[in-house]
Structures are given as C-alpha cells and as structure tokens.
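Enquirer: This is the structure I have questions about; it appears just below.
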Amino acid sequence: MIRLEKVSRDYGENKVVHALDHVDFEVSRGERVAVMGPSGSGKSTILNLVCGLDDPTAGKVIVDGVNLAALDDDARTRLRREKIGMIFQTFNLLPTMSAIENVSLPLRLNGLSKKEAELRAGAMLERVRLGSRLDHRPDEVSGGERQRIAIARALIFSPPVLLADEPTGNLDSSTGEEILALLDDLHRELNTTMLMVTHNEEAAAHCDRILRLRDGRVVGLTGAALPAGEGR
Amino acid sequence: MLSMLPILVEITWKQWRRHRLRTLLTLLGIALGVSVLFAVRTANLTLLASLNVTIEKLAGKATLQIVGNEGGFPESVWETVKDTPGVYVAQPVIEVLGSTAYEDGGNLMIVGVDMLGDRELREYQFDEEGSEIADPLIALAQPDSILISRTFAERHQLKDGDKLPLYTAHGKKDFIVRGIFKPAGIGEVFDGQIAVMDVFNAQFIFGRGRNIDRIDLMNDKEVTVDELQKRLRERLPAGLDVTRPAARGQGIENAISAMSIGMTVASFIALLVGVFIIFNTFSISVNQRWKEIGILRALGVERGKVQGMFLLEAMLMGVVGSLIGVALGYILAIGAERVMSEIAAKVFSYVATQQPPVFRFDYALTSFVIGVAASVVGAVFPALAASRLNPILALHNIETRQRENVLGKGRIVAGVLLVMLGLGLIRFGPMRVGINFQFSYALLMLLGLIILLPKLSELTARVLRPVMDRLFGSVGVIAVDTMIQAPRRTSATVGALMIGLMFVFSMGAYVRSYQQTVSRWMDRMINSDLLISTSEMARSRTYHFSPELSGRIATLPGVISLENARILFVPYAGDSIGLVSLEMEGWFARVNDVVEDADAGVAREKMIAGDGILASRNFASRYGLKVGDSIRLETPTEPFERPIVGLLEDYTSEKGSIFMDRALYIKFWNDNAVDMIEVNLKPGVDAGTVKREIERLVKGEHRAFVYTNSEYKRWVMNLIDGFFVLNYMQMAIAIIIASLGIINCLLISVSERKRELGVLRAIGGLRSQIGRMIMLEAACIAIVGLVVGALAGILNTYFMVRTAATMIGGFIIPFRFPFEMVLIVLPVVLVISLAAAWWPARKAVRMPVIEAIGYE
C-alpha cells in the first residue's frame, strides 16, 4: 500500500541536513506500522513525503500503486483528500468551526452540499463517540475529544491510508490509551493501513511493526507478534 | 513599566520586523489619515495666508482701510476721510476681478487708484528699460491707459503701447499699456495677473457710478492708529468699517468657513478609517501573538504591562505614522490649496496670491498628537483583550482560543440605543447648542454602528450564504462561513470599509439631496426663458453689467420683458448675508408660489411698493426672525429698515438672504449695476434663436454668459459639483484608505490563518480552492461592507441633511438617499477588494503546508 524506494530527503543549501538517507520500506494493505526514533531522526519527514506535502530529493514514494512524483500538486491534494487521512499531535482543528463543521470540511471541499456533508460528518462523529458534541467548538471540548474530532475528520472519506503524527503526544496517558483503543476499533472496522509516528513505546505496541530511525536511516524494522488487525 | 520598557520595545521591534508588510500598511493607514487632516488644515491656513498676502500687497503701507459692502460707498466719503485730523494720506481704491478678451480668457485683477497720491501708499517698481513714459502713473490720466505687471505682460507678450482688450460694463474696450511694473510689491498679487488704472476711469468703466470700494490711508506720526480708527468711526456714516488691513482676513475667513468646516469634517472621517486599520491590526496582532502573550504572562508580566505593551506599540506606530503623515500632508496641502483657492476665486471672488504651504508647528503638533491618540484609541480594545488572556489557555494551541465574545445581547442593546439616541438628537435636539455638541450626534450613531458591526456583518453574511452557495458551491459557502465564524476579524475589516463608504454615500447623498432641493427651488424661482450672467459662477463680486445692456436686450425681437437682478453680500449682525434686488412686479408675475408664512397677494403688493422685504427661511431661522419683524441694514446713504413681509426658500447664501425691489435697492445703495438679466420671451419664440441674438449682441463687447432656462439649471448643478470637488477628492482618499484597510486586513487575516489554511490544504483543499476562497471572502467582505456602509450612509445622510446642513449652510435639506449609488459603487468596491485580495490569496496559495501546520 505504501512503498518507499531508496528515499532521501535533504534540507538546506550550504549546510545540507540529511533528513532521510536511502530509506527503503513497505507497508502492506491493512498493516499498521509505528515509526519511532529520536527527534530529528526523520519520522515526520516520512509522513510528509507519504502524504505528498513534501518531495524526496531522491528515490520514489508510492502510495496505492501511484508514484507521487508523477502527480502534480492538485492530483496529490486530491489523493490526500480521498485516500489519506491525517491526524496530528496538535489536532489542527479550525478553532472557529464546530466539531461537525470541522469533520464535514473535506467533504465540502470535495463539492458536497453542507447538509449532506454534515449528515455524514454527524455519523462519523457518532462512530468516534462524539454524538453529543456535534456543535461544540474545539475550545469547548477536552483534549481527547479534540483528537477524536480530528480522527473523525481524517476518516470521513474512509481512506485506505491513515497517517498519524504523535496522535497521543498531547494527551495524558489514560486519554491517550482511549484514543489508541479507538484507532484499534476503527482499524478492525475499516482495515485501514496506518503509519503512526510516535515516541511512545506503548502506542507503538498497538502496531504490527515498528520502523526505527536514527539520523535519517532505518536502524531496525521489527515484525509484529500479532497478525494485522489484532491490535493490543 | 519603565524598567520593562527596553525589553517591551525590543519585542515590538521584532514584531515589526517580522511582519514588515503589515507594519508598513498599518503605518500607511495612519499616515494617510493624518496627512489628510494636516493637509486640509495647512491648505486652509495657506489659503488664508495667500488671501491675506493679496490684502497686504494691495494695501501697501496703509495702516487703516475703510470698507463698505460689496456695492462700495460714495466717493464723497473720501473727502471726509482726508479732512479728518491725523490722516497723513488717504487714497480711494476700486478692485475688480475683470476678464481679458483674449481667446484663452483669464481673470485679471484690476486695481483703480488715484494716480497722484498712490505712490505714497503702494510700491510700484517700473521697468525703466524700453519705457518711453516718464511717469507711468501720470500717464494713467489718459482714460484708455493701463499699467500691467511684467508677469502678465510676458504671459501675453505685451509691451508699452500695446493694446489690452478688456470686458467692461460698457462692453469690450481696448486699453493701451502705458507701463509695466516688476513682479514685486503689488506686482506679486494674484500671481502677477494684475493691472492698475485710474480710479475714476475704473468707476466709469466698471459701472460703479460715483462709488468706490475702499479707502486706504496712513496715519500721521503724531496720531496712533487706534486713535485715528476711533476718530474715523465717529465721523463716518454707519455701514462703513474702519479696519486694519490685517483684520480684513477675518471677514474672508468667515466667508469661506462653510468650505473649511466641510473639509475638516471630511478629513476627520479619513482619520477614523485609519483608527479602524489600527484596531484591526492590533486585534489580529493579539490573536497572532496569543502564545507570546501567554509566555510573557507566565514569566511574570502583569496584565497592565501586557496592555501597556500593546498600547506602547500603538503609540510607536502612531508616532512613526503621524510623522510620515505630517510630511505627506505638507505635500498634499500644495494641491489642496490650489483647489481651494480656485473655489475661493470662483465661488467667493477672493483672489489669492499663491504662497508656499504655511508650516505651522502647532498644527503639525496637533495633527501628530491626534494621529498618535487615534492609534492608541484604535488599540485600546485589542490591548485590553490581550491583558485579559488566560495565560494557561494562551499557552495551548489554536483550538483553545475562546469564542469571540462580540455578539452578546448587551452589546446589541447598547449599539441600538446609541444609534437611537443619535437619531433622536438629530430629530428633536435643539439647534443652537454649538457645533461640537451637534457633531456628537453623528458620533453617537457611528459608535452604535461600530458596536453593532459584528452582528450586522453576521446577519448580512447569513443572507449572502445561500447566494454564494448557488454561485460558487462549497468554496463560496466556506468563504462566507469563515466570515461568520470570525465576527471580530470580519467586522474589523468591514469597519474600515464601512467608514469609507459611509463617507462616500452620505457625501454623495448630501450633494444629490442638495442638488434636488436646488432643482426644485429653481423650478419655482428660475422660470424666465433666458438668463444672462456676468460670471461663470452666477455672479461676480466685482464685474457687473450696466442697465444700458438690458435696455438693448429688451428691444430684441421676441423679448416680452426682462428683470435686472443685483446680487451681493451685505453686512448684517456681524456677518455677511445675501441681498437680491430685482424688479418685483415682473418677478412676481413669473415665479410660482414662492411666498411662505404670509398672504402672497399682500406680500406682493408691499414688495412692489418697496414697503417690505422677503427673507429666506435660513435667514429667519439663523437670526430667529419671523414675518412682521423688521430688519435694519446700514447702506451707503442712510440706514435701511423694512419689515419682513414673507419668507421664501432660497439658496443664495448659507448665511441667509433677503429680497427687495430693485428701485428700493438703488435708492438706498446708490448702485444701479446689474449681475443677472432674466429675459422672458413671447409665447412661441424659440429661446435658442434669441440666445444666439443676444450672444451676437454682446460678442466682443461684454463678458456675458447666456443660458436658456434648462442650460442654466444644468449649469447650476455643475457649479454645485464644482463646489464639492474637494470633498470628492477626500472621498477618493477615504476609499484609498479603506482599500489599504482591506489589503492590510486580508494580509493579516491570511497570515493569522496560516495554520488554518495549511490544515485546509493538508486535508485536501486544492491551491485553486484556497485562492478562490480568499478572493471570495474578500468579495463577501466588500458586499457586507457595502451593505453596512449604505446603512451607515443613510444614517449619516440624515445627520448631514438635518443637522450639518443647518449648522453649516443654514438649510434643512429634504432627505434623499441615492440607492442607485450603492449599485454603482458595488462593482468598484468589488474590484478594489478583489485586487486587494490578489496578493494575500497568492501568498496563501504559495504557502508551504508543512511550515504552515507547524506554525505557532
């Protein structure tokens, strides 16, 4: 589902920083992979490349059989909209919009009427157990609920790929655990391929494999004890 | 606070450096507001200085001047003055703003002096070279002689002995140039467009009879000026004023006060738009620096100091912006003064001698202080909001930002009450409570509207939503929703636009209402078939026709009758009022139902018999008079006193006017000059044909403007436009400032929403969608601004036609709001907004998403 072939990403002109250095790995459909490593190891760069927000300096990034380098910006954006859901550590919800408006936003950007978009967004919020918070704005709900809104927004198109950047990083441990459990449930239900950047070993344990990075290089790829779909 | 000052200044400086464009646009907003304010005040002052220079140069060494009303006074007064002990020298003067008969026209200031004694008073530096005349002043004894300035001579390539054709009361006459004086002293007046002739020739040539305009005199060394002034006042008849030349400037200042007040008010509006820009900048700056404020608060900076930091920043911005504004205003003043002096010359017949802009430190300081204060006022609420931030929440992410509390019921009630209070005061408030108090009515309404602005913006946006949905689909709806969801941000942008458009609409409405009122008035009063005027401005203060010309016109075939009108300004109760004298019998025969508050038949009889006067309604209201009250005027002969026999609507003067029979006027004022001839034709006679006949008759002889009835009405409308030309310029500046406001607001808005826009891109918003969204949001802001601007315009028009018009013009003008103007302005505002949004939209589209999402 996701394949990185000898991917390098350099930053800067004079003092070049190698964010990624010849990275090779593949994530199968329905598989969940945690990306771990110290700060600056290239974890977020991998996510940015996979969702098409960044371009590799060398190598290929292939998502769902499509080489992203072959797509222009609009095509990548459409791919992101329809095939890739994104969850951020800082939630990245629009502060002036209610939960339902935030979740329906991708649908509306896709041309759906507000009514129809909100009908589907409401159902998705029900699925993340936020049925009673539809009209609340981000500042009116807890951190965990904010992340659930973000998850609902990421999954509104039922994308085959979910990218999560430290989804529990801003949450306390019990709320973090709730979110991970929710992701497990949704994975079981939708069989989404997930790439999750995390510092947290417990969060990583919810994934099938762990990709370890250091200084932009893959230093370990551990196989999962449990088959895909059996989250712990 | 002082101990923290350096670090707070450093933080501010870093913000400015980081947001250079925003800082620049905000500074420009303040600078433009201050510049307009300073330019208008400087231009006003420069104009007065230029007019005063004319007075001074013309007065020469005179220590006192004796002046009457516009019609002048009998030359016999000269004898009395000369015989008064303490008078060293006294010289009669006639001043005429005449016209040359050259192809390109052009005004020429003609001064009539007594050739024998005038050199003791005035400096004439004659060009010796090439002159064959021993003493040009002596040469003036010949009736066709004229002296001209070298500037004028060079302009028209004239030399001694050449002919200079001039329009006189007796038609076109050629004068012989008998001397050319240097562009110094009197030669500097009116930028050198000046000529001198013998005073007694001038009397005849310009139809002054035995009247003169002025006596310039010098006192004996033994007598003080004050003492001589006192002596002369005791000896001279009432109606003549003995004044120091410098004091005459005050009279001019009063005469042009309507123009000055109007422009000063307009310049404050421009500044108000600047205040909105500041408000907007700081509101958004507080939002943008949410986290910074949280950190500062967490580090132990007290609420007061956070507030102080923002106010300090506003003050610094005010200081820099106002300094630029003062400098810019000084340059703008040059242009503004030119326009104003043109209006002064055309409308009031006051001749200015162009002066460089007067730099008054106190004016600069006041404008500077007002600019700084406006900046601080604009930043007060955002600074307060910053100081009230909860540091814990502030340190969180953007999602924690609290809901904008600007739509509360309390605010709406307060806003509505303020608007109602303003309206109530305009409708029922007392008229004589002072200009500043009356302006507060408009300010109350404006304040109410500003408080209501978020709600009004929200309501308008909600109406707009389905339209945008239909036209542009989801992107259009998201654009409107973005506005609805951020009422503070939206209303700050809309506010700048509202103020600018309010000014445009209410000014336009005022001019339109004024034109319609005048048009209705003309339908009742101006119904002769042809009108012949001495000047392109309805009347000239100094150039008139002689009755002989009307005699010749009366004999033309097709003419059934005509009335001669003399229109001038006379002193009354320390001010100057309009006096219209015409042949009442003929006038009453053709006007429609003009007499108010009295029996028209009785009034007519008394007017024809010279037993009364008609007073304009604004005259009666200004001086608290009614039908039956008598008014007393000083005249060159004896005091004039007649009762008011009726009121009428008249727009001759904002100070009020009176009408009387021409015979009565000639008797008391000893003046048979004519300013306008109103010609009535036999039924079926073509006005165009007779017009051409009259033009043939006057061609080459008189400077006369012949109009058919409809041409005259059109021409009056154009005159009104001419009078308001400076206001139109200010309207343009208000629009420019409002546009700056839009650019600034959108730029700030895009910059503030960098993360939001980044998120939109991350979740699948195409670049084109984001760009379109910003453009559509700008369009929505323009439409909302237009709607609230129109609402504010309607309210302000009500203030202008009732309170301001009465205050400045003495008239109550019926309320007319040109709704079509809103439709005309719509595409203009849309284009400006879209143009303003282009750069921010481009910026938003090009924004790197990763950086935007990571933005804190």
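Ordering of the structure tokens sets the chain letters (A, B, ...), residue numbers begin anew at 1 in every chain, and ligands are numbered from 1 in the order given.
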Mind running chain A against chain B at 9 Å and telling me each contacting residue's nearest atom pair with the distance in Å (one decimal), counting only C-alpha atoms, chain and number ascending, as CSV?
Expert:
```
residue,atom,partner,partner_atom,distance
A:Asn48,CA,B:Ile850,CA,7.5
A:Cys51,CA,B:Ala762,CA,8.4
A:Leu53,CA,B:Val849,CA,6.7
A:Asp54,CA,B:Ile850,CA,7.9
A:Asp73,CA,B:Leu766,CA,8.0
A:Asp74,CA,B:Leu766,CA,5.8
A:Ala75,CA,B:Leu766,CA,8.8
A:Arg76,CA,B:Gly764,CA,8.6
A:Thr77,CA,B:Gly764,CA,5.0
A:Arg78,CA,B:Gly764,CA,5.9
A:Leu79,CA,B:Gly764,CA,7.8
A:Arg80,CA,B:Gly764,CA,5.6
A:Arg81,CA,B:Gly764,CA,4.0
A:Glu82,CA,B:Gly764,CA,7.7
A:Ile84,CA,B:Ile763,CA,8.4
A:Gly85,CA,B:Ile763,CA,7.4
A:Met86,CA,B:Ile763,CA,7.2
A:Thr90,CA,B:Asn397,CA,7.0
A:Phe91,CA,B:Glu399,CA,8.1
A:Asn92,CA,B:Val759,CA,6.4
A:Leu93,CA,B:Glu399,CA,6.3
A:Leu94,CA,B:Glu756,CA,5.9
A:Pro95,CA,B:Glu399,CA,4.6
A:Thr96,CA,B:Gln485,CA,5.3
A:Met97,CA,B:Gln485,CA,6.7
A:Leu105,CA,B:Leu760,CA,8.2
A:Pro106,CA,B:Ile763,CA,6.2
A:Arg108,CA,B:Ser474,CA,5.4
A:Leu109,CA,B:Gly765,CA,6.1
A:Asn110,CA,B:Ser474,CA,7.9
A:Gly111,CA,B:Ser474,CA,5.6
A:Leu112,CA,B:Ser474,CA,6.9
A:Ser113,CA,B:Ser474,CA,6.7
A:Lys114,CA,B:Ser474,CA,7.4
A:Arg137,CA,B:Glu399,CA,8.1
A:Pro138,CA,B:Glu399,CA,5.1
A:Asp139,CA,B:Thr400,CA,4.1
A:Glu140,CA,B:Thr400,CA,7.8
A:Val141,CA,B:Thr400,CA,8.9
A:Arg146,CA,B:Glu399,CA,8.4
A:Arg153,CA,B:Ile763,CA,8.5
A:Ala154,CA,B:Ile763,CA,7.6
```
Enquirer: Write out the residues from the selection above, keeping C-alpha atoms, as an mmCIF file, in the first residue's frame.
Expert:
```cif
data_model
loop_
_atom_site.group_PDB
_atom_site.id
_atom_site.type_symbol
_atom_site.label_atom_id
_atom_site.label_comp_id
_atom_site.auth_asym_id
_atom_site.auth_seq_id
_atom_site.Cartn_x
_atom_site.Cartn_y
_atom_site.Cartn_z
ATOM 1 C CA ASN A 48 5.161 14.474 4.875
ATOM 2 C CA CYS A 51 1.012 12.400 2.103
ATOM 3 C CA LEU A 53 3.257 17.513 1.138
ATOM 4 C CA ASP A 54 6.986 17.139 0.556
ATOM 5 C CA ASP A 73 0.062 19.414 -6.758
ATOM 6 C CA ASP A 74 -3.680 19.212 -7.420
ATOM 7 C CA ALA A 75 -3.595 15.475 -8.034
ATOM 8 C CA ARG A 76 -1.636 14.961 -4.836
ATOM 9 C CA THR A 77 -4.114 17.108 -2.955
ATOM 10 C CA ARG A 78 -6.989 15.018 -4.300
ATOM 11 C CA LEU A 79 -5.126 11.871 -3.339
ATOM 12 C CA ARG A 80 -4.632 13.276 0.139
ATOM 13 C CA ARG A 81 -8.263 14.252 0.359
ATOM 14 C CA GLU A 82 -9.690 10.940 -0.772
ATOM 15 C CA ILE A 84 -5.119 9.606 3.012
ATOM 16 C CA GLY A 85 -6.448 10.607 6.396
ATOM 17 C CA MET A 86 -4.163 12.649 8.634
ATOM 18 C CA THR A 90 -1.688 19.344 17.766
ATOM 19 C CA PHE A 91 -5.073 18.246 16.359
ATOM 20 C CA ASN A 92 -5.085 21.080 13.788
ATOM 21 C CA LEU A 93 -8.779 21.699 14.022
ATOM 22 C CA LEU A 94 -10.147 25.011 12.817
ATOM 23 C CA PRO A 95 -10.874 26.937 16.017
ATOM 24 C CA THR A 96 -13.823 28.912 14.645
ATOM 25 C CA MET A 97 -15.677 25.831 13.440
ATOM 26 C CA LEU A 105 -14.914 20.276 5.773
ATOM 27 C CA PRO A 106 -13.111 17.751 3.491
ATOM 28 C CA ARG A 108 -17.442 20.247 1.377
ATOM 29 C CA LEU A 109 -14.091 20.890 -0.265
ATOM 30 C CA ASN A 110 -14.999 17.921 -2.446
ATOM 31 C CA GLY A 111 -18.164 19.706 -3.520
ATOM 32 C CA LEU A 112 -20.770 18.098 -1.270
ATOM 33 C CA SER A 113 -23.609 20.285 -0.012
ATOM 34 C CA LYS A 114 -23.358 21.391 3.572
ATOM 35 C CA ARG A 137 -16.111 24.161 19.077
ATOM 36 C CA PRO A 138 -12.573 22.903 19.745
ATOM 37 C CA ASP A 139 -12.157 25.198 22.745
ATOM 38 C CA GLU A 140 -15.296 23.699 24.308
ATOM 39 C CA VAL A 141 -14.150 20.090 24.410
ATOM 40 C CA ARG A 146 -10.402 17.163 20.101
ATOM 41 C CA ARG A 153 -12.209 14.225 10.051
ATOM 42 C CA ALA A 154 -9.320 12.022 8.898
#
```
Enquirer: Check the DSSP output for the backbone and give back, as a list of chain:residue names, the residues of range 85-197 of chain A in strand (DSSP E).
Expert: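 Checking each residue of range 85-197 of chain A, the strand (DSSP E) ones are A:Gly85, A:Met86, A:Ile87, A:Val161, A:Leu162, A:Leu163, A:Ala164, A:Asp165, A:Thr193, A:Met194, A:Leu195, A:Met196, A:Val197.
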Enquirer: If you count only C-alpha atoms, which residues fall within 8 Å of Pro547 in chain B, apart from same-chain ones fewer than 6 positions away, as a compact mmCIF listing (two decimals) with N, CA and C atoms, in the first residue's frame?
Expert:
```txt
# COMPACT_ATOMS: atom_id res chain seq x y z
N ASN B 564 -33.86 92.96 -14.16
CA ASN B 564 -32.44 93.10 -13.81
C ASN B 564 -32.28 92.69 -12.36
N ASN B 672 -26.65 101.05 -9.45
CA ASN B 672 -27.59 100.51 -10.44
C ASN B 672 -26.96 99.40 -11.28
N ALA B 673 -25.88 98.83 -10.76
CA ALA B 673 -25.23 97.75 -11.50
C ALA B 673 -26.16 96.53 -11.60
N VAL B 674 -25.87 95.70 -12.60
CA VAL B 674 -26.71 94.51 -12.84
C VAL B 674 -25.81 93.27 -12.85
```
Enquirer: Pick out the residues sitting within 12 Å of range 166-171 of chain A, and hand them over as a ChimeraX atom specification; count only C-alpha atoms, and ignore anything fewer than 3 positions along from it in its own chain.
Expert: /A:34-37,43-44,47,86-92,142-151,154,162-163,174-183,194-204 /B:396-397
Enquirer: Have a look at CA of Arg120 in chain A and CA of Ser28 in chain A and let me know their distance in Å, one decimal.
Expert: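 Separation between CA of Arg120 in chain A and CA of Ser28 in chain A: 28.3 Å.
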Enquirer: When you look at Met315 in chain B with a cut-off of 9 Å (counting only C-alpha atoms), what residues show up, excluding the ones that are within fewer than 4 positions of it in the same chain? I need them as JSON, numbers by chain.
Expert: {"B": [310, 311, 319, 320, 372, 373, 375, 376, 379]}
Enquirer: Find the residues near range 516-523 of chain B: any atom within 9 Å, counting only C-alpha atoms, skip ones fewer than 3 places away on the same chain, and give them as a count of residues only.
Expert: 17
Enquirer: Find the spatial neighbours of range 165-167 of chain B, counting only C-alpha atoms, within a cut-off of 8 Å - ignore same-chain residues fewer than 4 positions away - and output them as a list in words.
Expert: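 The contact residues come out as Gly98, Ser99, Thr100, Ala101, Tyr102, Gly171, Lys172, Lys173, Asp174, Phe175, Glu701, His702 and Arg703 of chain B.
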Enquirer: Keeping all heavy atoms for every residue in the selection just given, could you write it to a file as a compact mmCIF listing (two decimals), in the first residue's frame?
Expert:
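Output saved as part12.txt:
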```txt
# COMPACT_ATOMS: atom_id res chain seq x y z
N GLY B 98 -11.51 91.36 -13.21
CA GLY B 98 -12.03 91.50 -14.57
C GLY B 98 -11.61 90.37 -15.46
O GLY B 98 -10.93 89.43 -15.04
N SER B 99 -12.04 90.49 -16.71
CA SER B 99 -11.69 89.45 -17.68
C SER B 99 -11.08 90.07 -18.90
O SER B 99 -11.58 91.07 -19.42
CB SER B 99 -12.94 88.71 -18.13
OG SER B 99 -13.50 88.08 -17.06
N THR B 100 -10.01 89.43 -19.36
CA THR B 100 -9.43 89.90 -20.61
C THR B 100 -10.26 89.34 -21.76
O THR B 100 -10.95 88.34 -21.59
CB THR B 100 -7.99 89.38 -20.76
OG1 THR B 100 -8.05 87.96 -20.79
CG2 THR B 100 -7.12 89.83 -19.61
N ALA B 101 -10.18 89.99 -22.88
CA ALA B 101 -10.94 89.49 -24.03
C ALA B 101 -10.05 88.65 -24.94
O ALA B 101 -10.31 88.53 -26.12
CB ALA B 101 -11.54 90.68 -24.80
N TYR B 102 -9.01 88.07 -24.36
CA TYR B 102 -8.17 87.16 -25.15
C TYR B 102 -8.91 85.84 -25.36
O TYR B 102 -9.82 85.51 -24.61
CB TYR B 102 -6.86 86.87 -24.41
CG TYR B 102 -5.91 88.05 -24.38
CD1 TYR B 102 -5.39 88.52 -23.19
CD2 TYR B 102 -5.54 88.67 -25.57
CE1 TYR B 102 -4.52 89.60 -23.16
CE2 TYR B 102 -4.67 89.75 -25.55
CZ TYR B 102 -4.16 90.22 -24.36
OH TYR B 102 -3.32 91.27 -24.34
N GLY B 171 -19.03 97.09 -22.33
CA GLY B 171 -18.61 96.27 -23.45
C GLY B 171 -17.10 96.13 -23.50
O GLY B 171 -16.38 96.59 -22.61
N LYS B 172 -16.65 95.49 -24.59
CA LYS B 172 -15.21 95.26 -24.72
C LYS B 172 -14.52 96.57 -25.07
O LYS B 172 -15.00 97.32 -25.91
CB LYS B 172 -14.98 94.24 -25.84
CG LYS B 172 -13.55 93.76 -25.91
CD LYS B 172 -13.37 92.73 -26.99
CE LYS B 172 -12.70 93.39 -28.19
NZ LYS B 172 -12.41 92.43 -29.26
N LYS B 173 -13.41 96.82 -24.36
CA LYS B 173 -12.66 98.05 -24.66
C LYS B 173 -11.17 97.71 -24.74
O LYS B 173 -10.69 96.86 -24.01
CB LYS B 173 -12.88 99.08 -23.55
CG LYS B 173 -14.25 99.72 -23.57
CD LYS B 173 -14.18 101.16 -23.09
CE LYS B 173 -15.52 101.87 -23.11
NZ LYS B 173 -16.39 101.59 -24.24
N ASP B 174 -10.50 98.43 -25.66
CA ASP B 174 -9.05 98.25 -25.75
C ASP B 174 -8.36 99.28 -24.87
O ASP B 174 -8.70 100.47 -24.93
CB ASP B 174 -8.59 98.43 -27.20
CG ASP B 174 -8.89 97.19 -28.02
OD1 ASP B 174 -9.00 96.10 -27.43
OD2 ASP B 174 -9.04 97.32 -29.26
N PHE B 175 -7.43 98.83 -24.08
CA PHE B 175 -6.65 99.75 -23.25
C PHE B 175 -5.21 99.75 -23.77
O PHE B 175 -4.76 98.77 -24.35
CB PHE B 175 -6.70 99.32 -21.78
CG PHE B 175 -8.05 99.51 -21.18
CD1 PHE B 175 -9.08 98.61 -21.38
CD2 PHE B 175 -8.32 100.65 -20.42
CE1 PHE B 175 -10.34 98.81 -20.85
CE2 PHE B 175 -9.58 100.86 -19.88
CZ PHE B 175 -10.59 99.94 -20.09
N GLU B 701 -18.05 92.64 -26.83
CA GLU B 701 -18.32 93.84 -26.03
C GLU B 701 -18.40 93.53 -24.54
O GLU B 701 -17.86 94.26 -23.72
CB GLU B 701 -19.67 94.44 -26.46
CG GLU B 701 -19.61 95.20 -27.74
CD GLU B 701 -20.85 96.03 -27.92
OE1 GLU B 701 -21.37 96.53 -26.91
OE2 GLU B 701 -21.31 96.14 -29.06
N HIS B 702 -19.12 92.49 -24.24
CA HIS B 702 -19.32 92.17 -22.83
C HIS B 702 -18.90 90.74 -22.55
O HIS B 702 -19.03 89.88 -23.42
CB HIS B 702 -20.81 92.30 -22.44
CG HIS B 702 -21.28 93.71 -22.45
ND1 HIS B 702 -21.12 94.56 -21.40
CD2 HIS B 702 -21.90 94.42 -23.43
CE1 HIS B 702 -21.63 95.73 -21.70
NE2 HIS B 702 -22.11 95.69 -22.93
N ARG B 703 -18.42 90.55 -21.36
CA ARG B 703 -18.19 89.18 -20.92
C ARG B 703 -19.50 88.71 -20.32
O ARG B 703 -19.82 89.03 -19.17
CB ARG B 703 -17.07 89.14 -19.90
CG ARG B 703 -16.67 87.76 -19.51
CD ARG B 703 -15.39 87.81 -18.72
NE ARG B 703 -14.95 86.47 -18.39
CZ ARG B 703 -15.15 85.90 -17.20
NH1 ARG B 703 -15.76 86.56 -16.26
NH2 ARG B 703 -14.72 84.68 -16.97
```
